[in-house]
file coords.txt (compact mmCIF, C-alpha atoms)
# COMPACT_ATOMS: atom_id res chain seq x y z
CA MET A 1 147.05 54.66 221.30
CA LYS A 2 149.41 54.51 218.34
CA LYS A 3 147.35 51.76 216.70
CA GLY A 4 144.18 53.85 216.94
CA LEU A 5 145.95 56.82 215.36
CA LEU A 6 147.17 54.69 212.44
CA LYS A 7 143.65 53.36 211.79
CA TYR A 8 142.29 56.89 211.77
CA LEU A 9 144.91 58.03 209.21
CA LEU A 10 144.14 55.06 206.94
CA LEU A 11 140.43 55.86 206.97
CA LEU A 12 141.17 59.48 206.07
CA ALA A 13 143.36 58.34 203.14
CA LEU A 14 140.62 56.00 201.81
CA PHE A 15 137.97 58.71 201.98
CA GLY A 16 140.30 61.14 200.14
CA GLY A 17 140.88 58.61 197.34
CA PHE A 18 137.12 58.05 196.86
CA ALA A 19 136.58 61.81 196.68
CA ASP A 20 139.26 62.19 193.97
CA VAL A 21 137.70 59.40 191.89
CA ALA A 22 134.21 61.01 192.09
CA VAL A 23 135.56 64.40 191.03
CA ALA A 24 137.37 62.82 188.05
CA GLN A 25 134.21 61.01 186.90
CA LYS A 26 132.21 64.24 187.10
CA LYS A 27 134.82 66.01 184.95
CA LYS A 28 134.73 63.21 182.35
CA ALA A 29 130.94 63.30 182.19
CA GLY A 30 130.98 67.04 181.70
CA THR A 31 133.55 66.71 178.91
CA ARG A 32 131.42 64.10 177.10
CA LYS A 33 128.31 66.27 177.28
CA SER A 34 130.14 69.29 175.93
CA THR A 35 131.64 67.15 173.10
CA LYS A 36 128.21 65.87 172.10
CA ARG A 37 126.79 69.38 172.07
CA THR A 38 129.67 70.61 169.93
CA THR A 39 129.25 67.73 167.48
CA LYS A 40 125.55 68.38 167.14
CA THR A 41 126.16 72.04 166.48
CA LYS A 42 128.79 71.29 163.84
CA THR A 43 126.55 68.72 162.11
CA LYS A 44 123.67 71.14 161.85
CA ALA A 45 125.90 73.84 160.47
CA SER A 46 127.26 71.52 157.72
CA ILE A 47 123.86 70.10 156.71
CA GLN A 48 122.12 73.40 156.08
CA PRO A 49 124.22 74.60 153.08
CA THR A 50 124.19 71.09 151.54
CA THR A 51 120.39 71.01 151.57
CA ALA A 52 120.22 74.45 150.00
CA SER A 53 122.56 73.47 147.12
CA VAL A 54 120.52 70.34 146.33
CA ASP A 55 117.32 72.36 146.11
CA THR A 56 118.96 74.85 143.75
CA ALA A 57 120.20 72.11 141.41
CA ALA A 58 116.73 70.55 141.30
CA ALA A 59 115.21 73.89 140.40
CA VAL A 60 117.73 74.39 137.58
CA ALA A 61 117.08 70.88 136.27
CA ALA A 62 113.35 71.53 136.27
CA VAL A 63 113.84 74.70 134.24
CA GLU A 64 116.15 73.05 131.71
CA ALA A 65 114.12 69.82 131.29
CA PRO A 66 113.52 69.12 127.57
CA ALA A 67 110.01 69.04 126.20
CA ASN A 68 108.38 65.85 124.96
CA ASP A 69 109.90 65.33 121.52
CA SER A 70 108.06 62.55 119.70
CA LEU A 71 106.14 61.85 116.51
CA PRO A 72 102.37 61.29 116.35
CA ILE A 73 102.63 57.69 115.13
CA LYS A 74 100.81 54.54 116.15
CA GLN A 75 102.55 52.39 118.74
CA VAL A 76 102.45 48.69 117.80
CA LYS A 77 102.46 46.19 120.68
CA LYS A 78 104.93 43.33 120.49
CA SER A 79 103.75 39.74 120.56
CA LEU A 80 104.34 37.96 123.87
CA ARG A 81 104.88 34.68 122.02
CA ARG A 82 106.79 33.87 118.83
CA ASP A 83 104.46 34.81 115.99
CA ALA A 84 106.13 32.50 113.48
CA ALA A 85 106.56 28.77 113.04
CA VAL A 86 110.24 29.11 112.10
CA ASP A 87 113.17 30.68 113.92
CA ASP A 88 113.59 33.96 112.06
CA ALA A 89 115.61 35.81 114.70
CA VAL A 90 118.72 35.70 112.50
CA LEU A 91 116.85 37.41 109.66
CA LYS A 92 115.90 40.28 111.95
CA ASP A 93 119.57 40.92 112.81
CA LYS A 94 120.86 41.27 109.25
CA THR A 95 123.32 44.03 108.43
CA PRO A 96 123.80 45.59 104.98
CA LEU A 97 126.80 44.76 102.85
CA GLU A 98 129.34 47.54 102.57
CA TYR A 99 129.57 49.40 99.29
CA GLU A 100 132.48 48.81 96.97
CA ASN A 101 134.88 51.73 97.08
CA LEU A 102 134.77 53.83 93.90
CA ARG A 103 137.75 56.05 93.14
CA ALA A 104 137.11 59.45 91.58
CA ASP A 105 139.86 58.80 89.01
CA ASP A 106 138.07 55.64 87.82
CA ALA A 107 134.65 57.32 87.47
CA VAL A 108 134.66 58.30 83.80
CA TYR A 109 130.89 58.95 83.74
CA ARG A 110 128.83 60.51 86.55
CA HIS A 111 125.33 61.96 86.59
CA LYS A 112 122.73 62.60 89.28
CA ILE A 113 119.18 61.38 88.75
CA TRP A 114 115.99 62.19 90.69
CA ARG A 115 113.09 59.72 90.54
CA GLU A 116 109.58 59.61 91.93
CA ILE A 117 108.17 56.29 93.17
CA ASP A 118 104.38 55.91 93.21
CA SER A 119 103.22 53.06 95.47
CA ARG A 120 99.93 52.82 93.55
CA GLU A 121 101.79 51.11 90.69
CA LYS A 122 101.56 47.34 90.81
CA ILE A 123 105.31 46.75 91.09
CA ASN A 124 105.49 49.24 93.98
CA LEU A 125 102.64 47.78 96.06
CA PRO A 126 105.05 46.54 98.80
CA PHE A 127 105.53 50.22 99.72
CA ALA A 128 101.86 50.27 100.83
CA TYR A 129 101.80 46.96 102.78
CA SER A 130 99.94 47.94 105.96
CA ALA A 131 100.26 44.92 108.29
CA ASP A 132 101.57 45.21 111.85
CA GLU A 133 104.49 43.12 113.10
CA ASP A 134 106.70 43.16 116.18
CA ASN A 135 108.99 45.80 114.67
CA GLY A 136 106.05 48.08 113.84
CA ASN A 137 103.79 48.84 110.91
CA GLN A 138 105.13 47.62 107.57
CA ARG A 139 104.24 50.62 105.40
CA PHE A 140 107.39 52.19 104.01
CA ILE A 141 106.42 55.57 105.46
CA SER A 142 105.92 53.89 108.86
CA ILE A 143 109.40 52.36 108.67
CA ILE A 144 110.86 55.80 108.02
CA LEU A 145 108.90 57.46 110.84
CA GLN A 146 109.78 54.70 113.31
CA ALA A 147 113.48 55.13 112.46
CA ILE A 148 113.12 58.86 113.14
CA GLN A 149 111.27 58.16 116.40
CA ASP A 150 114.07 55.81 117.54
CA SER A 151 116.73 58.43 116.59
CA ALA A 152 118.31 55.90 114.21
CA VAL A 153 118.67 58.45 111.39
CA THR A 154 119.11 62.19 110.99
CA VAL A 155 116.35 64.10 109.19
CA PHE A 156 117.18 67.03 106.93
CA ASN A 157 114.98 69.93 105.91
CA ALA A 158 113.47 69.89 102.41
CA ILE A 159 114.72 73.41 101.63
CA ASP A 160 117.33 71.59 99.54
CA ASP A 161 118.34 68.01 98.76
CA ARG A 162 121.99 68.34 99.83
CA PHE A 163 121.38 67.42 103.51
CA THR A 164 122.36 70.81 104.94
CA THR A 165 119.78 71.56 107.66
CA PRO A 166 118.96 68.92 110.33
CA MET A 167 115.47 68.79 111.83
CA THR A 168 114.21 67.82 115.29
CA LYS A 169 111.42 65.32 115.93
CA ALA A 170 109.08 68.16 116.87
CA GLU A 171 109.74 69.86 113.52
CA VAL A 172 109.15 66.59 111.67
CA GLY A 173 105.88 66.09 113.56
CA GLN A 174 104.75 69.58 112.60
CA VAL A 175 105.60 68.96 108.94
CA ILE A 176 103.67 65.68 108.92
CA GLY A 177 100.64 66.61 111.00
CA GLY A 178 100.50 70.38 110.46
CA ASP A 179 100.04 73.06 113.10
CA SER A 180 97.93 72.45 116.21
CA VAL A 181 94.37 73.79 116.05
CA PRO A 182 92.32 75.00 119.05
CA VAL A 183 89.54 72.64 120.11
CA PRO A 184 86.96 73.97 122.62
CA GLU A 185 86.00 71.80 125.59
CA TYR A 186 82.52 71.79 127.17
CA ASP A 187 81.13 70.33 130.36
CA SER A 188 78.09 68.04 130.63
CA ILE A 189 75.62 70.96 130.44
CA GLY A 190 77.27 72.67 127.47
CA ASN A 191 79.32 75.37 129.20
CA LEU A 192 82.70 76.24 127.72
CA ILE A 193 85.36 75.19 130.23
CA GLY A 194 88.55 75.57 128.22
CA THR A 195 90.45 75.03 124.99
CA THR A 196 92.99 72.40 124.05
CA TYR A 197 95.31 72.30 121.04
CA LYS A 198 95.34 69.14 118.93
CA ARG A 199 96.78 68.08 115.58
CA ASN A 200 94.76 66.49 112.82
CA GLU A 201 94.84 62.72 112.66
CA ILE A 202 97.53 61.46 110.27
CA ASN A 203 96.43 59.18 107.45
CA LEU A 204 99.55 57.18 106.58
CA ASP A 205 97.97 55.98 103.34
CA SER A 206 98.15 59.55 102.05
CA PHE A 207 101.96 59.24 101.82
CA TYR A 208 102.13 57.06 98.73
CA ARG A 209 104.86 58.86 96.77
CA PHE A 210 108.58 58.98 97.49
CA ARG A 211 111.46 60.67 95.77
CA ILE A 212 114.96 59.29 95.60
CA LYS A 213 118.16 61.05 94.66
CA GLU A 214 120.83 58.83 93.16
CA GLU A 215 124.03 58.95 91.19
CA VAL A 216 124.91 56.78 88.20
CA ILE A 217 128.63 56.07 87.80
CA PHE A 218 130.61 54.11 85.23
CA ASP A 219 133.72 52.71 86.88
CA LYS A 220 136.47 51.96 84.37
CA GLU A 221 138.41 49.81 86.86
CA SER A 222 135.59 47.24 87.07
CA SER A 223 133.93 48.17 83.74
CA ARG A 224 130.56 48.43 85.47
CA LEU A 225 127.74 50.91 85.74
CA PHE A 226 126.88 51.60 89.40
CA TRP A 227 123.67 53.12 90.75
CA ARG A 228 124.08 54.58 94.24
CA ILE A 229 121.06 56.02 96.05
CA LEU A 230 121.93 59.14 98.07
CA GLY A 231 118.64 60.23 99.66
CA ILE A 232 114.95 59.43 100.16
CA ALA A 233 112.12 61.94 100.67
CA PRO A 234 108.39 61.34 101.28
CA VAL A 235 106.10 63.52 99.15
CA LYS A 236 102.79 65.04 100.25
CA SER A 237 100.11 66.72 98.16
CA ILE A 238 99.13 70.22 99.25
CA ILE A 239 95.35 70.74 99.25
CA THR A 240 93.59 73.78 100.69
CA PRO A 241 90.56 73.43 103.02
CA ALA A 242 88.42 74.44 100.04
CA GLY A 243 89.74 71.41 98.10
CA LEU A 244 92.06 73.34 95.77
CA TYR A 245 95.13 71.33 94.73
CA LEU A 246 98.28 73.44 94.99
CA GLY A 247 100.83 70.83 94.00
CA GLU A 248 103.18 68.59 95.95
CA SER A 249 106.22 69.05 98.13
CA GLU A 250 108.89 66.96 99.81
CA LEU A 251 108.46 66.67 103.58
CA PHE A 252 112.10 66.03 104.48
CA TRP A 253 115.19 64.21 103.24
CA ILE A 254 116.98 61.22 104.77
CA TYR A 255 120.50 60.24 103.78
CA TYR A 256 120.08 56.73 102.36
CA PRO A 257 123.40 55.19 103.60
CA ASP A 258 122.30 56.14 107.14
CA MET A 259 118.99 54.36 106.55
CA ARG A 260 120.45 51.10 105.22
CA PRO A 261 120.99 49.40 108.63
CA VAL A 262 117.31 50.01 109.45
CA LEU A 263 116.01 48.86 106.06
CA SER A 264 118.00 45.63 106.26
CA LYS A 265 115.92 44.56 109.30
CA TYR A 266 112.53 44.93 107.57
CA GLU A 267 111.23 42.35 105.12
CA VAL A 268 109.51 43.31 101.88
CA TYR A 269 106.05 41.89 101.33
CA ASN A 270 105.99 39.33 98.51
CA GLY A 271 102.50 37.96 97.91
CA LYS A 272 103.76 35.44 95.35
CA ASN A 273 106.54 33.82 97.38
CA PHE A 274 106.37 33.92 101.17
CA GLY A 275 109.50 31.81 101.53
CA ALA A 276 111.83 34.19 99.71
CA ARG A 277 111.20 37.60 101.16
CA MET A 278 114.02 40.09 100.75
CA SER A 279 114.86 43.06 102.92
CA TRP A 280 114.18 46.65 101.91
CA ASP A 281 117.89 47.20 101.47
CA ASP A 282 117.99 44.27 99.03
CA LEU A 283 115.04 45.73 97.12
CA PHE A 284 116.72 49.09 96.58
CA GLU A 285 120.13 47.63 95.77
CA SER A 286 118.54 45.16 93.30
CA ARG A 287 116.52 48.03 91.76
CA MET A 288 113.27 46.09 92.09
CA PHE A 289 111.05 49.18 92.00
CA SER A 290 109.68 51.51 89.37
CA GLY A 291 110.26 55.26 89.40
CA ARG A 292 109.85 57.90 86.75
CA ILE A 293 112.71 60.36 86.26
CA ILE A 294 111.73 63.90 87.24
CA LYS A 295 115.16 65.57 87.05
CA SER A 296 118.73 64.88 85.96
CA THR A 297 122.03 66.64 85.40
CA ILE A 298 122.16 65.46 81.77
CA ASP A 299 121.83 68.45 79.40
CA ASN A 300 120.34 70.52 82.23
CA PRO A 301 122.50 73.64 82.72
CA TYR A 302 119.72 75.56 84.54
CA ASP A 303 119.08 72.79 87.10
CA LEU A 304 115.38 72.50 86.23
CA GLN A 305 112.95 69.70 86.85
CA ILE A 306 111.51 68.10 83.73
CA LYS A 307 108.09 69.63 84.45
CA ASN A 308 109.69 73.08 84.19
CA TYR A 309 111.29 72.47 80.80
CA PRO A 310 109.98 74.87 78.13
CA GLY A 311 106.96 73.33 76.44
CA LEU A 312 106.58 70.44 78.93
CA SER A 313 104.90 72.11 81.89
CA GLU A 314 101.36 71.37 80.63
CA ASN A 315 101.94 68.02 78.96
CA GLY A 316 102.43 65.04 81.26
CA ILE A 317 102.97 62.55 78.42
CA LEU A 318 105.90 64.54 77.07
CA ARG A 319 107.42 64.67 80.57
CA LEU A 320 107.26 60.87 80.81
CA LEU A 321 108.84 60.54 77.38
CA GLU A 322 111.63 62.92 78.37
CA GLY A 323 112.35 60.73 81.40
CA GLU A 324 112.52 57.66 79.15
CA ASN A 325 114.87 59.59 76.86
CA ILE A 326 117.26 60.15 79.79
CA LYS A 327 117.20 56.41 80.59
CA GLU A 328 118.04 55.65 76.96
CA LYS A 329 120.99 58.07 76.97
CA ILE A 330 122.49 56.31 80.00
CA PHE A 331 121.86 52.87 78.49
CA ASN A 332 123.41 53.84 75.16
CA TYR A 333 126.51 55.26 76.83
CA GLU A 334 127.22 51.95 78.55
CA GLN A 335 126.48 49.87 75.43
CA ASP A 336 128.61 52.03 73.15
CA LEU A 337 131.67 51.31 75.26
CA TRP A 338 131.64 47.69 74.12
CA SER A 339 132.62 46.39 70.70
CA TYR A 340 131.18 43.16 69.32
call {"tool": "encode", "arguments": {"input": "coords.txt", "output": "structure tokens"}}
result
Amino acid sequence: MKKGLLKYLLLLALFGGFADVAVAQKKKAGTRKSTKRTTKTKTKASIQPTTASVDTAAAVAAVEAPANDSLPIKQVKKSLRRDAAVDDAVLKDKTPLEYENLRADDAVYRHKIWREIDSREKINLPFAYSADEDNGNQRFISIILQAIQDSAVTVFNAIDDRFTTPMTKAEVGQVIGGDSVPVPEYDSIGNLIGTTYKRNEINLDSFYRFRIKEEVIFDKESSRLFWRILGIAPVKSIITPAGLYLGESELFWIYYPDMRPVLSKYEVYNGKNFGARMSWDDLFESRMFSGRIIKSTIDNPYDLQIKNYPGLSENGILRLLEGENIKEKIFNYEQDLWSY
């Protein structure tokens, strides 16, 4: 009887233990479910404001996106093979030599000179060389425009020649190509469907004159006469639609020392000696160009161009002779310093 009672108590204890384990598992399962629900709710709440902030930033970026700022110039494709029989990669990576430092105390003679270079003169024909190479078109005006397109130099407005007012690429493009004109568009049956604005096609051969501003300095420390170019400006003739010539004007100014690293990477065309081509920087520093003087600070208290001198406005020959007279004054100053 006692043994039967013990067995009965053991069975009751086993069943009670199983019941406790089942209740504990149910509680754990309920806790996991509630944790998952809470996590999901928190995740949703944190994602919603993040998505809203991203959308706002994208909208602001779209509003503040800059407009297309480029020049209307021809894009020259690069050769996929070496277009030369010799290894000329080193020549393309040349850098200009630094200028010798000139102290103001040693400069006993200083004058500013303005010249005009006409590429139609025989000695200036390299300015009009129109071939295409890997680094672009070889016209001098194309070299300048490509440097502006690549943001290698800063362009200054032609309101003065002291480099005071920078210009954007869009402003340079407007100066070169003029304002956009409306062009009507028609469908295949002749109905007007809209209007687009286009600029006139640019003829690079029409930019054949350039002005340079330079300073001539006699340095007593080295007993030398130095010519230092300060700026370069392309010149364009102004002609009305009726064909009336109104004169000429500078398009913009470029500070020449900023342009030297670009010019040192372009070779000058030499039709007489293909094996000894110099860079454009070498050409300017060697003074291997011809330019007539149009203005100087010598005996010019009113800061006038030679064409505006009294009695010279209508006589081109006298203006040329006045420019030669200025050259002779500079030459005589240097020669008179020496005794033989």
call {"tool": "atom_distance", "arguments": {"input": "coords.txt", "atom1": "atom CA of A:Ala147", "atom2": "atom CA of A:Leu263"}}
result
9.3 Å
call {"tool": "atom_distance", "arguments": {"input": "coords.txt", "atom1": "atom CA of A:Ile317", "atom2": "atom CA of A:Ile232"}}
result
25.0 Å
call {"tool": "closest_residue", "arguments": {"input": "coords.txt", "among": "A:Lys307, A:Val216, A:Gly243, A:Leu312", "to": "A:Lys329", "atoms": "only C-alpha atoms"}}
result
A:Val216
call {"tool": "atom_distance", "arguments": {"input": "coords.txt", "atom1": "atom CA of A:Arg103", "atom2": "atom CA of A:Asn325"}}
result
28.3 Å
call {"tool": "residues_around", "arguments": {"input": "coords.txt", "residues": "A:Ile143", "least_positions_apart": "2", "cutoff": "12 Å", "atoms": "all atoms listed in the file", "output": "short mmCIF file (atom, residue, chain, number, x, y, z; two decimals) with C-alpha atoms, keeping the file's coordinate frame"}}
result
data_model
loop_
_atom_site.label_atom_id
_atom_site.label_comp_id
_atom_site.auth_asym_id
_atom_site.auth_seq_id
_atom_site.Cartn_x
_atom_site.Cartn_y
_atom_site.Cartn_z
CA ILE A 73 102.63 57.69 115.13
CA LYS A 74 100.81 54.54 116.15
CA PHE A 127 105.53 50.22 99.72
CA ALA A 128 101.86 50.27 100.83
CA TYR A 129 101.80 46.96 102.78
CA SER A 130 99.94 47.94 105.96
CA ALA A 131 100.26 44.92 108.29
CA ASP A 132 101.57 45.21 111.85
CA GLU A 133 104.49 43.12 113.10
CA ASN A 135 108.99 45.80 114.67
CA GLY A 136 106.05 48.08 113.84
CA ASN A 137 103.79 48.84 110.91
CA GLN A 138 105.13 47.62 107.57
CA ARG A 139 104.24 50.62 105.40
CA PHE A 140 107.39 52.19 104.01
CA ILE A 141 106.42 55.57 105.46
CA LEU A 145 108.90 57.46 110.84
CA GLN A 146 109.78 54.70 113.31
CA ALA A 147 113.48 55.13 112.46
CA ILE A 148 113.12 58.86 113.14
CA GLN A 149 111.27 58.16 116.40
CA ASP A 150 114.07 55.81 117.54
CA ALA A 152 118.31 55.90 114.21
CA VAL A 153 118.67 58.45 111.39
CA LEU A 204 99.55 57.18 106.58
CA PRO A 234 108.39 61.34 101.28
CA MET A 259 118.99 54.36 106.55
CA ARG A 260 120.45 51.10 105.22
CA PRO A 261 120.99 49.40 108.63
CA VAL A 262 117.31 50.01 109.45
CA LEU A 263 116.01 48.86 106.06
CA SER A 264 118.00 45.63 106.26
CA LYS A 265 115.92 44.56 109.30
CA TYR A 266 112.53 44.93 107.57
CA GLU A 267 111.23 42.35 105.12
CA VAL A 268 109.51 43.31 101.88
CA TRP A 280 114.18 46.65 101.91
#
call {"tool": "closest_residue", "arguments": {"input": "coords.txt", "among": "A:Gly271, A:Gly173, A:Gly247, A:Pro96", "to": "A:Ile202", "atoms": "all atoms listed in the file"}}
result
A:Gly173
call {"tool": "residues_around", "arguments": {"input": "coords.txt", "residues": "A:Gly323", "least_positions_apart": "4", "cutoff": "12 Å", "atoms": "all atoms listed in the file", "output": "MDAnalysis selection string"}}
result
chainID A and resid 113:116 291:296 298 305:307 309 312 316:319 327:330
